[in-house]
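The structure appears below as structure tokens.
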Amino acid sequence: MKILVCVSKTPDTTAKISFTNDSTEFNASGVTFIMNPYDEWYALVRAVELVEKNGGTVTIINVGDASNDQTIRKGLAIGASDAVRINANPKSSLYIAKQIAEFAKAENYDIVFCGKESIDYNGSEVGAMVAEFLDLPFISFASKLDMNGNTASIERDIEGGVEMLEVQTPFVVSAAKGMAEQRIPNMMGIMKAKSKPFKVVEPVDFPDLSTPVKYHLPEEKGSVKLVDPDNMDELVRLLHEEAKVI
Amino acid sequence: MVLVFAEAIKGQFKKAAFEAVTYGYKTAQALGSQCVALTLGTVENAGALGKYGASKVYNVSGDSLANFDSQVYTSVIAQAAEQVGAKVVVLAHTSTGKSILGRLAARLNAGSVAGVKSLPDLSGGSFKVAKGVFSGKATAEYEISSEIKVLSLAGNEIRPEESGSEVSVETLNVNVPAAKVKVLEVKRQEGIVPLPEAEVVVSAGRGMKGPENWGIVEELANVMNATTACSRPVADADWRPHHEHVGQTGVAIRPNLYVAIGISGAIQHLAGVNQSKTIVVINKDPEAPFFKAADYGVVGDLFEVVPKLTEAMKKFKAS
Ligand SMILES: Cc1cc2nc3c(=O)[nH]c(=O)nc-3n(C[C@H](O)[C@H](O)[C@H](O)COP(=O)(O)OP(=O)(O)OC[C@H]3O[C@@H](n4cnc5c(N)ncnc54)[C@H](O)[C@@H]3O)c2cc1C
């Protein structure tokens, strides 16, 4: 089985978010970066598990500059076979998806995995775009995936429930919680990662059709109004008359 | 032209469809254009979308539309967009909408924004919309430069507004491809408003001590007509089902009212809930970080406070 996993680098979940250059750019200074949790914990780990069981290869792909190499190496340490970085500084989802699809189209992957969303721009778009560029089925928010020959049995999260489905390879899938358990790379994995193939490829030309031009931080909440724990009628009154939410 | 895909579940529209049509109508007005809606498969009372501003409702039917396959839906919506000459396509930011948005953008060579929370700003001839980024820690304005634009509208962002009357439904002739995804079963909890759509959410954390104590949370949620949620460690420990987990790595929600019981307010939790309009925090620790993000706070033992709040709510609902 030949699997491609799309990974991105995001600020750590505890990162304080701020902006520079008149609020037109994300301020990366002092921010620790991680591999996007959905890409790492769920997509990559499940891909590695499938290959451990059925044989094959897991290739990691990232669209970004050399500052992403450390994140990509971590993916190799977790168990991917090789990695590709498309050397670009992407500003839009469609650009990223185009680069991934251009690389993938000649490779005939059985499965292309991505995370259900990235925790920075929260678009949930790249997987769907890659699928469209490659004209493949796309199954989003998959929380369970088992292979039986060329048939995948998948459970996907929908509002207030789950959907059970089957699809044949090749397809694109986005991974949600439940798909796998986080793996911490061990020493051997980290050592091996150093000698695994890691290719850098130049991007194809593609326009940015939708880009962030200005950021805003939420307004600070005014200070909390404390209510006496013995007077819940007062809380109900405030919610009704002041907040007008009940 | 603005084209809105109005999603129906088992033939019925949910609130998200009315929100999307309202948004499409307002966008069309700002652009000096018109809004038309598209429904797929068998849908009851599709003409009612006219009330929310659709000047026409189109329907496409076909066997492969009975279940969701992003490839089939995308093909049909893209063909409809071409036929009506849509410059803006609006979807709801639901599991279905999110699965189609990117595909449509790629297919139509369109700039897209996922989860928009503002009407377009058209000043200076540009087209800008806002969306939440960094899991709710900030907002970004996106500028779309392509001729066709595809948007998915975040839930609970705009109230469905009735501005017109029912319209007739026309069948649109497009090619409906066969589905490659075979849906075997769809399991939905009946009678519960799913978290992303809920207007009131009652959520509890590790302060509950154990799953056996959840009765008081459920009772409060019942009285308030609320959907229940929980913090991540609670779902990880299987005290509550995973779909209740809210936060940065769980469901992101934006209800009118979020009641947090025995939750400390870690940054990853706040990221998924801080766009709630009003936040009530019940915690025995006055230093709990959640109080900084709250509108109303009760410092006290949840095992005493929650039943009292339930009583007060019952009294209020009865009056
Ligand atoms: C990468 C990453 C992603 C994460 N994503 C998420 C996420 O999506 N969602 C999420 O929720 N967490 C997430 N977390 C975990 C998060 O950091 C916190 O650990 C978690 O939110 C804490 O859950 P809690 O508030 O229920 O428990 P605790 O932090 O243990 O808080 C329990 C609270 O209950 C109060 N309490 C105890 N007893 C009582 C009582 N009798 N009466 C009243 N109050 C009482 C305590 O004062 C305390 O404030 C993530 C962590 C990481 C590292």
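Going by the structure tokens order, chains are called A, B, ..., each with residues numbered from 1, while ligands are numbered from 1 in the order shown.
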
Inset, instruction - Identify, on the basis of only C-alpha atoms, every residue whose closest approach to Thr57 of chain A does not exceed 8 Å; exclude the query and any residue fewer than 6 positions from it along the same chain; express the result as a list of chain:residue names. - result: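 So, after excluding close chain neighbours, the residues are A:Met1, A:Lys2, A:Ile3, A:Val51, A:Ala80, A:Ser81.
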
Inset, instruction - List all protein, DNA and RNA residues that have an atom no more than 8 Å from any atom of ligand 1, counting only C-alpha atoms and all ligand atoms, and report them as a VMD selection string. - result: (chain A and resid 12 to 14 37) or (chain B and resid 204 to 209 230 to 234 245 to 251 261 to 272 282 to 286 288 to 290 299 to 303)

Inset, instruction - Extract the full set of helix (DSSP H, G or I) residues from segment 199-248 of chain B according to DSSP on the backbone, and format it as a PyMOL selection string. - result: chain B and resi 206-208+211-213+215-224+232-236+242-244

Inset, instruction - Using atom CA of Val169 of chain B and atom CA of Gly47 of chain B as the two end points, give the distance in Å to one decimal. - result: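 Computing the Euclidean distance for atom CA of Val169 of chain B and atom CA of Gly47 of chain B yields 5.8 Å.
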
Legend entry - Residue contacts of Glu82 of chain B (12 Å, only C-alpha atoms) excluding same-chain residues fewer than 4 positions away, as a ChimeraX atom specification: /B:1-3,75-78,86-89,104,107-108,148,172-174
